[in-house]
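S.K.: My structure is in work-v4.txt, and what it holds is compact mmCIF, C-alpha atoms:
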# COMPACT_ATOMS: atom_id res chain seq x y z
CA MET A 294 -3.28 21.26 -30.32
CA ASP A 295 -2.72 18.22 -32.46
CA LYS A 296 0.30 15.96 -32.07
CA ARG A 297 3.14 17.27 -34.21
CA THR A 298 6.83 16.64 -34.49
CA ALA A 299 9.18 19.43 -33.44
CA ASN A 300 10.14 20.17 -37.03
CA ASN A 301 6.62 21.14 -38.06
CA LEU A 302 5.56 23.15 -35.02
CA PRO A 303 4.97 26.81 -35.93
CA ILE A 304 8.04 28.08 -34.06
CA GLY A 305 10.61 30.35 -35.67
CA ALA A 306 14.34 29.67 -35.38
CA CYS A 307 14.66 32.57 -32.92
CA GLY A 308 11.85 31.26 -30.70
CA LEU A 309 8.94 33.35 -31.93
CA TYR A 310 5.65 31.43 -32.02
CA CYS A 311 4.25 31.81 -35.54
CA GLY A 312 0.98 30.15 -34.51
CA ALA A 313 -0.16 33.40 -32.86
CA CYS A 314 0.62 35.52 -35.93
CA ARG A 315 -2.36 36.68 -37.98
CA LYS A 316 -0.47 36.40 -41.29
CA TYR A 317 0.54 32.84 -40.47
CA ARG A 318 -2.99 31.85 -39.42
CA ASP A 319 -4.47 33.50 -42.53
CA GLY A 320 -2.10 31.55 -44.78
CA LYS A 321 -0.28 34.69 -45.94
CA CYS A 322 3.04 33.60 -44.40
CA PRO A 323 4.40 30.04 -44.36
CA GLY A 324 6.38 30.64 -41.17
CA CYS A 325 10.07 31.07 -40.58
CA HIS A 326 11.36 27.76 -41.90
CA GLU A 327 9.39 27.72 -45.15
CA ASN A 328 9.56 31.44 -45.92
CA VAL A 329 12.07 31.90 -48.74
CA LYS A 330 11.72 35.68 -48.30
CA ALA A 331 13.27 35.32 -44.83
CA SER A 332 16.71 34.59 -46.29
CA TRP A 333 17.90 37.87 -44.71
CA CYS A 334 17.49 36.39 -41.20
CA LYS A 335 20.87 35.41 -39.77
CA ILE A 336 19.30 33.39 -36.97
CA ARG A 337 17.33 31.28 -39.45
CA LYS A 338 20.44 30.81 -41.60
CA CYS A 339 22.55 29.76 -38.59
CA CYS A 340 19.95 27.20 -37.50
CA GLN A 341 19.63 25.83 -41.03
CA GLU A 342 23.41 25.49 -41.36
CA LYS A 343 23.60 23.59 -38.06
CA GLY A 344 20.51 21.47 -38.77
CA PHE A 345 18.58 22.99 -35.85
CA HIS A 346 14.88 23.80 -35.74
CA THR A 347 15.45 26.56 -33.15
CA CYS A 348 18.32 28.11 -31.22
CA ALA A 349 17.25 25.98 -28.26
CA GLU A 350 19.19 23.08 -29.79
CA CYS A 351 22.46 25.03 -29.68
CA ASP A 352 24.88 24.64 -26.77
CA ARG A 353 25.71 28.36 -26.70
CA ASP A 354 24.21 30.71 -24.13
CA VAL A 355 21.52 32.51 -26.10
CA LYS A 356 22.17 35.78 -24.24
CA ALA A 357 25.84 35.68 -25.29
CA CYS A 358 25.12 34.78 -28.92
CA LYS A 359 25.74 37.72 -31.24
CA THR A 360 23.64 36.09 -33.96
CA HIS A 361 20.56 35.81 -31.73
CA ASN A 362 21.10 39.20 -30.08
CA ASN A 363 21.44 41.21 -33.27
CA MET A 364 20.24 44.77 -33.91
CA ILE A 365 16.94 43.68 -35.50
CA GLY A 366 16.20 41.52 -32.46
CA LYS A 367 16.99 44.37 -30.10
CA VAL A 368 14.64 46.74 -31.94
CA PHE A 369 11.92 44.06 -32.01
CA ALA A 370 12.43 43.49 -28.27
CA LEU A 371 12.10 47.17 -27.53
CA ILE A 372 8.98 47.76 -29.62
CA PHE A 373 7.12 44.60 -28.62
CA ARG A 374 8.59 44.07 -25.11
CA SER A 375 9.77 40.72 -26.44
CA ASP A 376 12.11 38.40 -24.56
CA ARG A 377 13.19 35.92 -27.22
CA ALA A 378 15.92 34.58 -24.93
CA ALA A 379 13.17 33.59 -22.48
CA CYS A 380 11.41 31.79 -25.34
CA ILE A 381 14.57 29.79 -26.07
CA ARG A 382 15.07 28.99 -22.36
CA TYR A 383 11.44 27.80 -22.12
CA ILE A 384 11.92 25.53 -25.14
CA ARG A 385 15.14 24.11 -23.67
CA GLU A 386 13.50 23.41 -20.32
CA ASN A 387 10.09 22.18 -21.51
CA GLY A 388 10.37 21.23 -25.19
CA GLU A 389 8.86 22.70 -28.33
CA GLN A 390 5.48 21.04 -27.93
CA ALA A 391 4.99 22.50 -24.44
CA TYR A 392 6.20 25.92 -25.65
CA ALA A 393 3.79 25.91 -28.60
CA GLU A 394 0.91 24.91 -26.32
CA GLU A 395 1.78 27.62 -23.79
CA MET A 396 2.09 30.34 -26.41
CA ALA A 397 -1.17 29.22 -28.06
CA ARG A 398 -2.84 29.40 -24.65
CA ARG A 399 -1.47 32.92 -24.15
CA GLY A 400 -2.22 33.95 -27.74
CA GLN A 401 1.23 35.52 -28.00
CA GLN A 402 4.10 35.27 -30.43
CA THR A 403 6.75 35.84 -27.79
CA MET A 404 7.37 35.85 -24.08
CA LYS A 405 7.09 39.38 -22.76
CA ARG A 406 9.87 41.23 -20.92
CA LYS A 407 8.95 42.01 -17.38
Do you think you could lay out the structure here as structure tokens?
M.R.:
Amino acid sequence: MDKRTANNLPIGACGLYCGACRKYRDGKCPGCHENVKASWCKIRKCCQEKGFHTCAECDRDVKACKTHNNMIGKVFALIFRSDRAACIRYIRENGEQAYAEEMARRGQQTMKRK
């Protein structure tokens, strides 16, 4: 992976790794931060309002955050066995660069629930 700043890594506000998404790789989606069609996403909006790239920059416990743990996220988690809170914890502990490298290595958009 090339050297990038945190603000241009392909990581969504909620912690999803866009770099493993086929639409993103094929140039059909600009990713969370540049996607004007994603204005419906409350997590993205919250991060933008606070000047954050991801929820990992917030002091709140991601598991207790009603914005991060919304109904859409719960459905996504159920269908895809996604653990977005684990993604945010990984970013907090290791940084966005390390997270992007790990998810690229795994070829996954999200950490999986065990």
S.K.: Can you tell me which residues surround A:Ala306 at a distance of at most 8 Å, considering only C-alpha atoms, apart from same-chain residues fewer than 5 positions away, and format the answer as a list in words?
M.R.: Cys325, His326, Ile336, Arg337, Cys340, Phe345, His346, Thr347 and Cys348 of chain A
S.K.: For each of A:Gly320, A:Glu386, A:Arg374, A:Glu394, take the minimum atom-to-atom distance to A:Arg406, counting all atoms listed in the file, then give the residue where this is smallest.
M.R.: A:Arg374
S.K.: Which distance in Å separates atom CA of A:Ile384 and atom CA of A:Gly308, to one decimal?
M.R.: 8.0 Å
S.K.: Give the answer as one residue: which of A:Tyr383, A:Ser375, A:Lys335, A:Tyr317 has the shortest atom-to-atom distance to A:Glu395, using all atoms listed in the file?
M.R.: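 Between A:Tyr383, A:Ser375, A:Lys335, A:Tyr317, the residue approaching A:Glu395 most closely is A:Tyr383.
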S.K.: Check the smallest atom-to-atom distance from each of A:Lys356, A:Lys343, A:Lys405, A:Arg318 to A:Leu371 using all atoms listed in the file, then report the winner.
M.R.: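 The shortest atom-to-atom distance to A:Leu371 comes from A:Lys405.
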S.K.: Nearest to A:Cys311 among A:Thr360, A:Asn387, A:Gln341, A:Asn328, with distances taken over only C-alpha atoms: which residue is it?
M.R.: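 So, comparing all the options, the nearest one is A:Asn328.
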S.K.: Using all atoms of stretch 336-352 of chain A listed in the file and a margin of 5 Å per side, can you give the axis-aligned box centre and edge lengths in Å to one decimal, as lines of an AutoDock Vina configuration file?
M.R.:
center_x = 19.9
center_y = 27.4
center_z = -34.2
size_x = 20.0
size_y = 21.9
size_z = 24.8
